[in-house]
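Quick look at protein.cif (mmCIF, C-alpha atoms):
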```cif
data_entry
#
loop_
_atom_site.group_PDB
_atom_site.id
_atom_site.type_symbol
_atom_site.label_atom_id
_atom_site.label_comp_id
_atom_site.auth_asym_id
_atom_site.auth_seq_id
_atom_site.Cartn_x
_atom_site.Cartn_y
_atom_site.Cartn_z
ATOM 1 C CA MET U 9 150.862 191.424 92.810
ATOM 2 C CA VAL U 10 154.008 191.454 94.913
ATOM 3 C CA ALA U 11 155.872 194.070 96.953
ATOM 4 C CA ALA U 12 159.577 194.857 96.750
ATOM 5 C CA LYS U 13 161.390 196.339 99.737
ATOM 6 C CA VAL U 14 164.731 197.856 98.737
ATOM 7 C CA TYR U 15 167.181 199.054 101.375
ATOM 8 C CA ALA U 16 169.316 202.152 101.026
ATOM 9 C CA ILE U 17 172.980 201.236 101.493
ATOM 10 C CA GLY U 18 174.050 201.733 105.079
ATOM 11 C CA ILE U 19 170.553 202.081 106.493
ATOM 12 C CA GLY U 20 171.185 199.260 108.930
ATOM 13 C CA ALA U 21 174.144 200.912 110.616
ATOM 14 C CA HIS U 22 172.210 202.564 113.434
ATOM 15 C CA TYR U 23 170.312 199.480 114.553
ATOM 16 C CA ARG U 24 172.972 196.909 113.720
ATOM 17 C CA MET U 25 175.818 198.673 115.475
ATOM 18 C CA SER U 26 173.741 199.815 118.450
ATOM 19 C CA LYS U 27 174.323 197.416 121.337
ATOM 20 C CA LEU U 28 170.593 197.197 121.996
ATOM 21 C CA TYR U 29 170.038 195.503 118.630
ATOM 22 C CA ALA U 30 173.514 194.116 117.956
ATOM 23 C CA ASP U 31 173.611 191.994 121.116
ATOM 24 C CA GLY U 32 173.227 188.375 120.030
ATOM 25 C CA ARG U 33 173.051 189.053 116.297
ATOM 26 C CA LEU U 34 176.494 187.633 115.567
ATOM 27 C CA ARG U 35 175.245 184.352 117.018
ATOM 28 C CA MET U 36 172.244 184.535 114.670
ATOM 29 C CA TYR U 37 174.414 185.422 111.667
ATOM 30 C CA LYS U 38 177.221 182.986 112.630
ATOM 31 C CA PRO U 39 180.176 184.622 110.833
ATOM 32 C CA ASP U 40 183.565 182.947 110.930
ATOM 33 C CA SER U 41 186.363 184.585 112.932
ATOM 34 C CA ARG U 42 187.674 186.591 109.962
ATOM 35 C CA GLN U 43 184.212 187.895 109.115
ATOM 36 C CA GLU U 44 183.569 188.762 112.742
ATOM 37 C CA ARG U 45 186.799 190.781 112.905
ATOM 38 C CA ALA U 46 185.814 192.618 109.717
ATOM 39 C CA ILE U 47 182.385 193.479 111.142
ATOM 40 C CA LYS U 48 183.864 194.754 114.387
ATOM 41 C CA SER U 49 186.502 196.817 112.573
ATOM 42 C CA GLY U 50 183.901 199.156 111.102
ATOM 43 C CA LYS U 51 185.798 199.329 107.798
ATOM 44 C CA LYS U 52 184.216 199.209 104.349
ATOM 45 C CA HIS U 53 184.162 195.428 103.984
ATOM 46 C CA GLY U 54 182.780 195.056 107.495
ATOM 47 C CA ARG U 55 180.059 197.619 106.784
ATOM 48 C CA GLU U 56 179.099 195.733 103.624
ATOM 49 C CA MET U 57 178.772 192.556 105.655
ATOM 50 C CA VAL U 58 176.649 194.375 108.233
ATOM 51 C CA PHE U 59 174.372 195.590 105.443
ATOM 52 C CA ALA U 60 174.000 192.067 104.010
ATOM 53 C CA ASP U 61 173.245 190.778 107.497
ATOM 54 C CA TRP U 62 170.621 193.500 107.994
ATOM 55 C CA VAL U 63 168.737 192.461 104.842
ATOM 56 C CA GLY U 64 169.263 188.720 105.238
ATOM 57 C CA GLN U 65 168.008 188.533 108.792
ATOM 58 C CA GLU U 66 164.744 190.255 107.904
ATOM 59 C CA TYR U 67 164.234 187.783 105.062
ATOM 60 C CA GLU U 68 164.931 184.809 107.304
ATOM 61 C CA SER U 69 162.687 186.122 110.081
ATOM 62 C CA LEU U 70 159.853 186.556 107.588
ATOM 63 C CA HIS U 71 160.319 182.920 106.515
ATOM 64 C CA VAL U 72 160.372 181.557 110.056
ATOM 65 C CA LEU U 73 157.446 183.628 111.300
ATOM 66 C CA HIS U 74 155.224 183.177 108.250
ATOM 67 C CA ALA U 75 155.725 179.404 108.465
ATOM 68 C CA ALA U 76 154.766 179.568 112.153
ATOM 69 C CA GLY U 77 151.460 181.270 111.321
ATOM 70 C CA ALA U 78 152.317 184.861 112.213
ATOM 71 C CA ASP U 79 150.566 187.637 110.329
ATOM 72 C CA VAL U 80 153.554 188.824 108.311
ATOM 73 C CA PRO U 81 153.930 189.100 104.518
ATOM 74 C CA GLU U 82 155.008 185.867 102.874
ATOM 75 C CA PRO U 83 158.621 186.251 101.689
ATOM 76 C CA ILE U 84 159.284 185.263 98.083
ATOM 77 C CA HIS U 85 162.909 186.028 97.256
ATOM 78 C CA GLN U 86 165.914 188.048 98.367
ATOM 79 C CA CYS U 87 168.466 189.511 95.993
ATOM 80 C CA GLY U 88 171.163 191.908 97.158
ATOM 81 C CA SER U 89 169.538 194.845 98.920
ATOM 82 C CA GLY U 90 165.988 193.861 98.003
ATOM 83 C CA ILE U 91 163.329 191.537 99.406
ATOM 84 C CA LEU U 92 160.383 190.430 97.301
ATOM 85 C CA MET U 93 157.325 189.610 99.384
ATOM 86 C CA GLU U 94 153.566 189.268 99.417
ATOM 87 C CA TYR U 95 151.726 192.491 98.584
ATOM 88 C CA ILE U 96 149.089 193.499 101.136
ATOM 89 C CA GLY U 97 146.306 195.464 99.476
ATOM 90 C CA ASP U 98 144.566 195.396 96.114
ATOM 91 C CA ALA U 99 144.987 196.899 92.662
ATOM 92 C CA THR U 100 143.695 200.288 93.794
ATOM 93 C CA ARG U 101 145.778 200.833 96.938
ATOM 94 C CA PRO U 102 148.147 199.223 99.401
ATOM 95 C CA ALA U 103 146.854 198.310 102.840
ATOM 96 C CA PRO U 104 146.833 201.359 105.151
ATOM 97 C CA MET U 105 148.798 201.570 108.380
ATOM 98 C CA LEU U 106 146.892 200.801 111.562
ATOM 99 C CA VAL U 107 147.744 204.230 112.976
ATOM 100 C CA GLY U 108 145.201 205.948 110.734
ATOM 101 C CA ALA U 109 142.384 203.447 111.140
ATOM 102 C CA THR U 110 138.981 204.296 112.606
ATOM 103 C CA ILE U 111 137.880 201.310 114.676
ATOM 104 C CA SER U 112 135.203 200.607 117.286
ATOM 105 C CA ALA U 113 135.909 199.448 120.839
ATOM 106 C CA ALA U 114 134.921 195.887 119.911
ATOM 107 C CA GLU U 115 137.217 195.953 116.887
ATOM 108 C CA ALA U 116 140.016 197.404 119.005
ATOM 109 C CA GLN U 117 139.857 194.531 121.488
ATOM 110 C CA ARG U 118 139.826 191.954 118.690
ATOM 111 C CA LEU U 119 142.767 193.562 116.914
ATOM 112 C CA PHE U 120 144.711 193.958 120.153
ATOM 113 C CA ASP U 121 144.176 190.254 120.864
ATOM 114 C CA GLN U 122 145.439 189.493 117.357
ATOM 115 C CA ALA U 123 148.506 191.667 117.922
ATOM 116 C CA MET U 124 149.249 189.859 121.188
ATOM 117 C CA ARG U 125 148.843 186.492 119.457
ATOM 118 C CA ASN U 126 151.506 187.572 116.974
ATOM 119 C CA ILE U 127 153.801 188.748 119.739
ATOM 120 C CA ARG U 128 153.427 185.282 121.316
ATOM 121 C CA ILE U 129 154.301 183.588 118.017
ATOM 122 C CA PHE U 130 157.338 185.831 117.567
ATOM 123 C CA LEU U 131 158.516 185.003 121.078
ATOM 124 C CA ALA U 132 157.831 181.286 120.657
ATOM 125 C CA LYS U 133 160.262 181.484 117.712
ATOM 126 C CA ASP U 134 162.852 183.310 119.885
ATOM 127 C CA ARG U 135 162.142 186.711 118.363
ATOM 128 C CA VAL U 136 160.967 190.124 119.533
ATOM 129 C CA HIS U 137 159.983 192.600 116.821
ATOM 130 C CA GLY U 138 161.970 195.420 118.384
ATOM 131 C CA ASP U 139 160.117 198.355 116.828
ATOM 132 C CA LEU U 140 156.464 197.351 116.953
ATOM 133 C CA SER U 141 153.963 200.191 116.684
ATOM 134 C CA PRO U 142 150.784 201.158 114.786
ATOM 135 C CA TYR U 143 153.100 202.567 112.088
ATOM 136 C CA ASN U 144 154.389 199.133 111.054
ATOM 137 C CA MET U 145 151.145 197.232 111.376
ATOM 138 C CA LEU U 146 148.850 197.209 108.353
ATOM 139 C CA LEU U 147 145.083 196.712 108.545
ATOM 140 C CA TRP U 148 143.540 194.924 105.610
ATOM 141 C CA LYS U 149 140.149 193.194 105.505
ATOM 142 C CA ASP U 150 139.900 193.116 109.318
ATOM 143 C CA ARG U 151 143.354 191.552 109.631
ATOM 144 C CA LEU U 152 146.538 192.997 111.047
ATOM 145 C CA VAL U 153 149.761 192.399 109.135
ATOM 146 C CA ILE U 154 153.091 193.168 110.823
ATOM 147 C CA ILE U 155 155.869 194.571 108.641
ATOM 148 C CA ASP U 156 159.437 195.913 108.976
ATOM 149 C CA LEU U 157 161.419 193.227 110.784
ATOM 150 C CA PRO U 158 165.135 193.987 110.228
ATOM 151 C CA GLN U 159 165.786 195.043 113.830
ATOM 152 C CA VAL U 160 164.356 191.821 115.313
ATOM 153 C CA VAL U 161 165.929 191.016 118.688
ATOM 154 C CA HIS U 162 166.816 187.423 119.525
ATOM 155 C CA ALA U 163 165.082 186.581 122.792
ATOM 156 C CA ARG U 164 167.604 184.000 123.990
ATOM 157 C CA TRP U 165 170.790 185.879 123.185
ATOM 158 C CA ASN U 166 169.996 189.550 123.722
ATOM 159 C CA ASP U 167 170.270 190.744 127.326
ATOM 160 C CA GLU U 168 167.702 193.482 126.670
ATOM 161 C CA ALA U 169 165.098 191.204 125.056
ATOM 162 C CA PHE U 170 162.597 191.456 127.913
ATOM 163 C CA ASN U 171 162.795 195.255 127.987
ATOM 164 C CA VAL U 172 162.341 195.399 124.205
ATOM 165 C CA LEU U 173 159.335 193.060 124.475
ATOM 166 C CA LYS U 174 157.783 195.279 127.138
ATOM 167 C CA ARG U 175 158.374 198.378 124.995
ATOM 168 C CA ASP U 176 156.704 196.742 121.975
ATOM 169 C CA ILE U 177 153.630 195.911 124.058
ATOM 170 C CA GLU U 178 153.555 199.431 125.528
ATOM 171 C CA ASN U 179 153.669 200.924 122.029
ATOM 172 C CA ILE U 180 150.671 199.022 120.731
ATOM 173 C CA LEU U 181 148.732 199.277 124.001
ATOM 174 C CA GLN U 182 149.096 203.058 123.879
ATOM 175 C CA PHE U 183 147.197 202.998 120.580
ATOM 176 C CA PHE U 184 144.541 200.498 121.633
ATOM 177 C CA SER U 185 143.952 201.916 125.118
ATOM 178 C CA ARG U 186 142.668 205.114 123.524
ATOM 179 C CA ARG U 187 140.031 202.904 121.918
ATOM 180 C CA GLY U 188 138.851 201.184 125.072
ATOM 181 C CA VAL U 189 141.301 198.317 125.576
ATOM 182 C CA GLU U 190 142.351 197.895 129.207
ATOM 183 C CA ALA U 191 145.528 195.968 130.041
ATOM 184 C CA SER U 192 148.871 196.299 131.798
ATOM 185 C CA ALA U 193 151.864 196.214 129.449
ATOM 186 C CA SER U 194 154.186 195.289 132.319
ATOM 187 C CA GLN U 195 152.013 192.397 133.442
ATOM 188 C CA LEU U 196 151.534 191.118 129.905
ATOM 189 C CA ALA U 197 155.291 191.241 129.287
ATOM 190 C CA ILE U 198 156.128 189.491 132.574
ATOM 191 C CA ASP U 199 153.541 186.785 131.936
ATOM 192 C CA LEU U 200 154.746 186.188 128.357
ATOM 193 C CA TRP U 201 158.395 186.162 129.365
ATOM 194 C CA THR U 202 157.756 183.711 132.200
ATOM 195 C CA ARG U 203 155.920 181.305 129.895
ATOM 196 C CA TYR U 204 158.630 181.704 127.264
ATOM 197 C CA ARG U 205 161.388 180.843 129.729
ATOM 198 C CA ARG U 206 159.392 177.791 130.811
ATOM 199 C CA GLY U 207 159.103 176.634 127.187
ATOM 200 C CA GLU U 208 155.309 176.869 127.193
ATOM 201 C CA LEU U 209 154.669 179.250 124.309
ATOM 202 C CA GLU U 210 155.190 176.898 121.363
ATOM 203 C CA GLU U 211 152.430 174.588 122.568
ATOM 204 C CA GLU U 212 150.153 177.564 123.326
ATOM 205 C CA VAL U 213 150.378 178.911 119.783
ATOM 206 C CA GLY U 214 150.164 175.461 118.201
ATOM 207 C CA LEU U 215 153.770 175.040 117.063
#
```

For the structure just supplied, provide its representation as structure tokens.
Amino acid sequence: MVAAKVYAIGIGAHYRMSKLYADGRLRMYKPDSRQERAIKSGKKHGREMVFADWVGQEYESLHVLHAAGADVPEPIHQCGSGILMEYIGDATRPAPMLVGATISAAEAQRLFDQAMRNIRIFLAKDRVHGDLSPYNMLLWKDRLVIIDLPQVVHARWNDEAFNVLKRDIENILQFFSRRGVEASASQLAIDLWTRYRRGELEEEVGL
């Protein structure tokens, strides 16, 4: 079984054209000067290119992160506005979102540690999820799977990358702290960012 994610035309406009997410993305996408002018113009052709970029960058991020050992669906193929990827679940139901899960304190700590391991892998590959929360983390057979990556922020090229990283950690810690996990989102973010800037994360996560 496989899953198909199909974008509605124009759905990327908010994130892609918002400076918070757009900062650095042209350097990831690497358009030529004519393409860059079209994107910045906001006209129809530019919007079509933005949409293609929105879909394509999620597909590429899935490839990079899955190869690095992150808990994301394995990408299979991209065609137009659709991405074919690994299906998480079984024949009776898809994997549920983490937000609705009933978990013990011991399970919460283990899953939080797994989430932080994934955040480290993302950052080691110069990426911050950008919208991480219990709503885009699936729980299947005691394993977290992170989904929905189109708004990924590039850690080296986006001036707000640290703040986005801190927000992602705050979002998941808010969920896990209600289940007994104790940690400081600010301290975790500062520690991760410091090790990232020193080039230490790749070795830590085995890359």

Selected residue, from U:Met9, U:Ile155, U:Ile177, U:Ile129, that lies nearest to Ala75 of chain U when counting only C-alpha atoms
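Closest residue, counting only C-alpha atoms: U:Ile129.
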
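In this comparison, which uses all atoms listed in the file, the residue of U:Ala16, U:Val72, U:Ala123, U:Ala11 approaching Ile84 of chain U most closely is U:Ala11.
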
Could you list, as a compact mmCIF listing (two decimals) with C-alpha atoms, keeping the file's coordinate frame, every residue within 12 Å of Phe170 of chain U, counting only C-alpha atoms and ignoring same-chain residues fewer than 4 positions away?
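Now in selection38.txt:
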```
# COMPACT_ATOMS: atom_id res chain seq x y z
CA LEU U 28 170.59 197.20 122.00
CA LEU U 131 158.52 185.00 121.08
CA ASP U 134 162.85 183.31 119.88
CA ARG U 135 162.14 186.71 118.36
CA VAL U 136 160.97 190.12 119.53
CA HIS U 137 159.98 192.60 116.82
CA GLY U 138 161.97 195.42 118.38
CA VAL U 161 165.93 191.02 118.69
CA HIS U 162 166.82 187.42 119.52
CA ALA U 163 165.08 186.58 122.79
CA ARG U 164 167.60 184.00 123.99
CA TRP U 165 170.79 185.88 123.18
CA ASN U 166 170.00 189.55 123.72
CA LYS U 174 157.78 195.28 127.14
CA ARG U 175 158.37 198.38 125.00
CA ASP U 176 156.70 196.74 121.98
CA ILE U 177 153.63 195.91 124.06
CA ALA U 193 151.86 196.21 129.45
CA SER U 194 154.19 195.29 132.32
CA GLN U 195 152.01 192.40 133.44
CA LEU U 196 151.53 191.12 129.90
CA ALA U 197 155.29 191.24 129.29
CA ILE U 198 156.13 189.49 132.57
CA ASP U 199 153.54 186.78 131.94
CA LEU U 200 154.75 186.19 128.36
CA TRP U 201 158.40 186.16 129.36
CA THR U 202 157.76 183.71 132.20
CA TYR U 204 158.63 181.70 127.26
CA ARG U 205 161.39 180.84 129.73
```

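In terms of minimum interatomic distance to Met124 of chain U, U:Leu181 ranks closest within U:Leu181, U:Arg206, U:Lys13, U:Ser69, counting all atoms listed in the file.
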
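You will find atom CA of Met145 of chain U at 22.3 Å from atom CA of Ser89 of chain U.
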
Straight-line distance linking atom CA of Ile111 of chain U with atom CA of Tyr95 of chain U, stated in Å to one decimal:
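Interatomic distance, atom CA of Ile111 of chain U to atom CA of Tyr95 of chain U: 23.0 Å.
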
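Residues matched by the PyMOL selection byres ((chain U and resi 154) around 7) in this file are Asp79, Val80, Asn144, Met145, Leu146, Leu152, Val153 and Ile155 of chain U.
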
Assuming 3 Å of padding per side, give the centre and edge lengths of the axis-aligned box around every listed atom of segment 125-128 of chain U, in Å to one decimal and as AutoDock Vina command-line options.
```
--center_x 151.3 --center_y 187.0 --center_z 119.1 --size_x 11.0 --size_y 9.5 --size_z 10.3
```

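Take atom CA of Ala76 of chain U and atom CA of Arg128 of chain U: the distance between them is 10.9 Å.
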
Exercise: Val14 of chain U partners within 10 Å, only C-alpha atoms, chain neighbours under 6 positions left out, as a ChimeraX atom specification
/U:63,86-92

Return as number ranges by chain the set of residues that the PyMOL selection byres ((chain U and resi 184) around 12) yields on the displayed structure.
U: 106-107, 109-124, 141-142, 177-183, 185-193

For Lys133 of chain U, which residue out of U:Ala12, U:Met105, U:Val160, U:Leu147 is the nearest one, using only C-alpha atoms?
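Result for the nearest residue to Lys133 of chain U: U:Val160.
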
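When all atoms listed in the file are used to measure the gap to Ala78 of chain U, the shortest distance among U:Ala99, U:Met93, U:Ile127, U:Leu140 belongs to U:Ile127.
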
Rebuild N, CA and C atoms on segment 94-127 of chain U, as a PDB file, keeping the file's coordinate frame?
```
ATOM      1  N   GLU U  94     155.001 189.143  99.644  1.00  0.00           N
ATOM      2  CA  GLU U  94     153.566 189.268  99.417  1.00  0.00           C
ATOM      3  C   GLU U  94     153.133 190.732  99.507  1.00  0.00           C
ATOM      4  N   TYR U  95     152.291 191.146  98.567  1.00  0.00           N
ATOM      5  CA  TYR U  95     151.726 192.491  98.584  1.00  0.00           C
ATOM      6  C   TYR U  95     150.438 192.474  99.395  1.00  0.00           C
ATOM      7  N   ILE U  96     150.299 193.405 100.320  1.00  0.00           N
ATOM      8  CA  ILE U  96     149.089 193.499 101.136  1.00  0.00           C
ATOM      9  C   ILE U  96     148.287 194.690 100.639  1.00  0.00           C
ATOM     10  N   GLY U  97     147.135 194.421 100.056  1.00  0.00           N
ATOM     11  CA  GLY U  97     146.306 195.464  99.476  1.00  0.00           C
ATOM     12  C   GLY U  97     145.621 194.928  98.233  1.00  0.00           C
ATOM     13  N   ASP U  98     145.159 195.820  97.376  1.00  0.00           N
ATOM     14  CA  ASP U  98     144.566 195.396  96.114  1.00  0.00           C
ATOM     15  C   ASP U  98     145.094 196.286  94.990  1.00  0.00           C
ATOM     16  N   ALA U  99     144.479 196.173  93.822  1.00  0.00           N
ATOM     17  CA  ALA U  99     144.987 196.899  92.662  1.00  0.00           C
ATOM     18  C   ALA U  99     144.813 198.414  92.785  1.00  0.00           C
ATOM     19  N   THR U 100     143.948 198.852  93.674  1.00  0.00           N
ATOM     20  CA  THR U 100     143.695 200.288  93.794  1.00  0.00           C
ATOM     21  C   THR U 100     144.563 200.961  94.847  1.00  0.00           C
ATOM     22  N   ARG U 101     144.995 200.209  95.869  1.00  0.00           N
ATOM     23  CA  ARG U 101     145.778 200.833  96.938  1.00  0.00           C
ATOM     24  C   ARG U 101     146.427 199.772  97.811  1.00  0.00           C
ATOM     25  N   PRO U 102     147.556 200.128  98.413  1.00  0.00           N
ATOM     26  CA  PRO U 102     148.147 199.223  99.401  1.00  0.00           C
ATOM     27  C   PRO U 102     147.364 199.306 100.704  1.00  0.00           C
ATOM     28  N   ALA U 103     147.514 198.302 101.537  1.00  0.00           N
ATOM     29  CA  ALA U 103     146.854 198.310 102.840  1.00  0.00           C
ATOM     30  C   ALA U 103     147.334 199.507 103.657  1.00  0.00           C
ATOM     31  N   PRO U 104     146.432 200.207 104.342  1.00  0.00           N
ATOM     32  CA  PRO U 104     146.833 201.359 105.151  1.00  0.00           C
ATOM     33  C   PRO U 104     147.469 200.933 106.472  1.00  0.00           C
ATOM     34  N   MET U 105     148.236 201.831 107.063  1.00  0.00           N
ATOM     35  CA  MET U 105     148.798 201.570 108.380  1.00  0.00           C
ATOM     36  C   MET U 105     147.689 201.609 109.434  1.00  0.00           C
ATOM     37  N   LEU U 106     147.869 200.835 110.474  1.00  0.00           N
ATOM     38  CA  LEU U 106     146.892 200.801 111.562  1.00  0.00           C
ATOM     39  C   LEU U 106     146.715 202.174 112.195  1.00  0.00           C
ATOM     40  N   VAL U 107     147.787 202.964 112.242  1.00  0.00           N
ATOM     41  CA  VAL U 107     147.744 204.230 112.976  1.00  0.00           C
ATOM     42  C   VAL U 107     146.635 205.158 112.500  1.00  0.00           C
ATOM     43  N   GLY U 108     146.234 205.055 111.251  1.00  0.00           N
ATOM     44  CA  GLY U 108     145.201 205.948 110.734  1.00  0.00           C
ATOM     45  C   GLY U 108     143.810 205.346 110.704  1.00  0.00           C
ATOM     46  N   ALA U 109     143.658 204.153 111.246  1.00  0.00           N
ATOM     47  CA  ALA U 109     142.384 203.447 111.140  1.00  0.00           C
ATOM     48  C   ALA U 109     141.353 203.976 112.136  1.00  0.00           C
ATOM     49  N   THR U 110     140.102 203.994 111.718  1.00  0.00           N
ATOM     50  CA  THR U 110     138.981 204.296 112.606  1.00  0.00           C
ATOM     51  C   THR U 110     138.319 202.978 112.976  1.00  0.00           C
ATOM     52  N   ILE U 111     138.400 202.606 114.248  1.00  0.00           N
ATOM     53  CA  ILE U 111     137.880 201.310 114.676  1.00  0.00           C
ATOM     54  C   ILE U 111     137.041 201.478 115.943  1.00  0.00           C
ATOM     55  N   SER U 112     136.060 200.587 116.102  1.00  0.00           N
ATOM     56  CA  SER U 112     135.203 200.607 117.286  1.00  0.00           C
ATOM     57  C   SER U 112     135.917 199.964 118.462  1.00  0.00           C
ATOM     58  N   ALA U 113     135.331 200.067 119.647  1.00  0.00           N
ATOM     59  CA  ALA U 113     135.909 199.448 120.839  1.00  0.00           C
ATOM     60  C   ALA U 113     135.970 197.929 120.684  1.00  0.00           C
ATOM     61  N   ALA U 114     134.930 197.344 120.106  1.00  0.00           N
ATOM     62  CA  ALA U 114     134.921 195.887 119.911  1.00  0.00           C
ATOM     63  C   ALA U 114     136.011 195.475 118.930  1.00  0.00           C
ATOM     64  N   GLU U 115     136.162 196.238 117.857  1.00  0.00           N
ATOM     65  CA  GLU U 115     137.217 195.953 116.887  1.00  0.00           C
ATOM     66  C   GLU U 115     138.587 196.128 117.523  1.00  0.00           C
ATOM     67  N   ALA U 116     138.730 197.146 118.361  1.00  0.00           N
ATOM     68  CA  ALA U 116     140.016 197.404 119.005  1.00  0.00           C
ATOM     69  C   ALA U 116     140.440 196.230 119.866  1.00  0.00           C
ATOM     70  N   GLN U 117     139.512 195.670 120.637  1.00  0.00           N
ATOM     71  CA  GLN U 117     139.857 194.531 121.488  1.00  0.00           C
ATOM     72  C   GLN U 117     140.251 193.329 120.641  1.00  0.00           C
ATOM     73  N   ARG U 118     139.507 193.090 119.561  1.00  0.00           N
ATOM     74  CA  ARG U 118     139.826 191.954 118.690  1.00  0.00           C
ATOM     75  C   ARG U 118     141.198 192.122 118.045  1.00  0.00           C
ATOM     76  N   LEU U 119     141.485 193.320 117.573  1.00  0.00           N
ATOM     77  CA  LEU U 119     142.767 193.562 116.914  1.00  0.00           C
ATOM     78  C   LEU U 119     143.922 193.539 117.913  1.00  0.00           C
ATOM     79  N   PHE U 120     143.675 194.036 119.118  1.00  0.00           N
ATOM     80  CA  PHE U 120     144.711 193.958 120.153  1.00  0.00           C
ATOM     81  C   PHE U 120     145.010 192.499 120.483  1.00  0.00           C
ATOM     82  N   ASP U 121     143.971 191.687 120.600  1.00  0.00           N
ATOM     83  CA  ASP U 121     144.176 190.254 120.864  1.00  0.00           C
ATOM     84  C   ASP U 121     144.974 189.608 119.731  1.00  0.00           C
ATOM     85  N   GLN U 122     144.686 190.028 118.491  1.00  0.00           N
ATOM     86  CA  GLN U 122     145.439 189.493 117.357  1.00  0.00           C
ATOM     87  C   GLN U 122     146.898 189.925 117.425  1.00  0.00           C
ATOM     88  N   ALA U 123     147.130 191.181 117.789  1.00  0.00           N
ATOM     89  CA  ALA U 123     148.506 191.667 117.922  1.00  0.00           C
ATOM     90  C   ALA U 123     149.258 190.876 118.988  1.00  0.00           C
ATOM     91  N   MET U 124     148.603 190.619 120.116  1.00  0.00           N
ATOM     92  CA  MET U 124     149.249 189.859 121.188  1.00  0.00           C
ATOM     93  C   MET U 124     149.506 188.414 120.760  1.00  0.00           C
ATOM     94  N   ARG U 125     148.597 187.852 119.972  1.00  0.00           N
ATOM     95  CA  ARG U 125     148.843 186.492 119.457  1.00  0.00           C
ATOM     96  C   ARG U 125     150.111 186.474 118.608  1.00  0.00           C
ATOM     97  N   ASN U 126     150.301 187.503 117.796  1.00  0.00           N
ATOM     98  CA  ASN U 126     151.506 187.572 116.974  1.00  0.00           C
ATOM     99  C   ASN U 126     152.760 187.761 117.815  1.00  0.00           C
ATOM    100  N   ILE U 127     152.665 188.577 118.842  1.00  0.00           N
ATOM    101  CA  ILE U 127     153.801 188.748 119.739  1.00  0.00           C
ATOM    102  C   ILE U 127     154.168 187.414 120.386  1.00  0.00           C
TER     103      ILE U 127
END
```
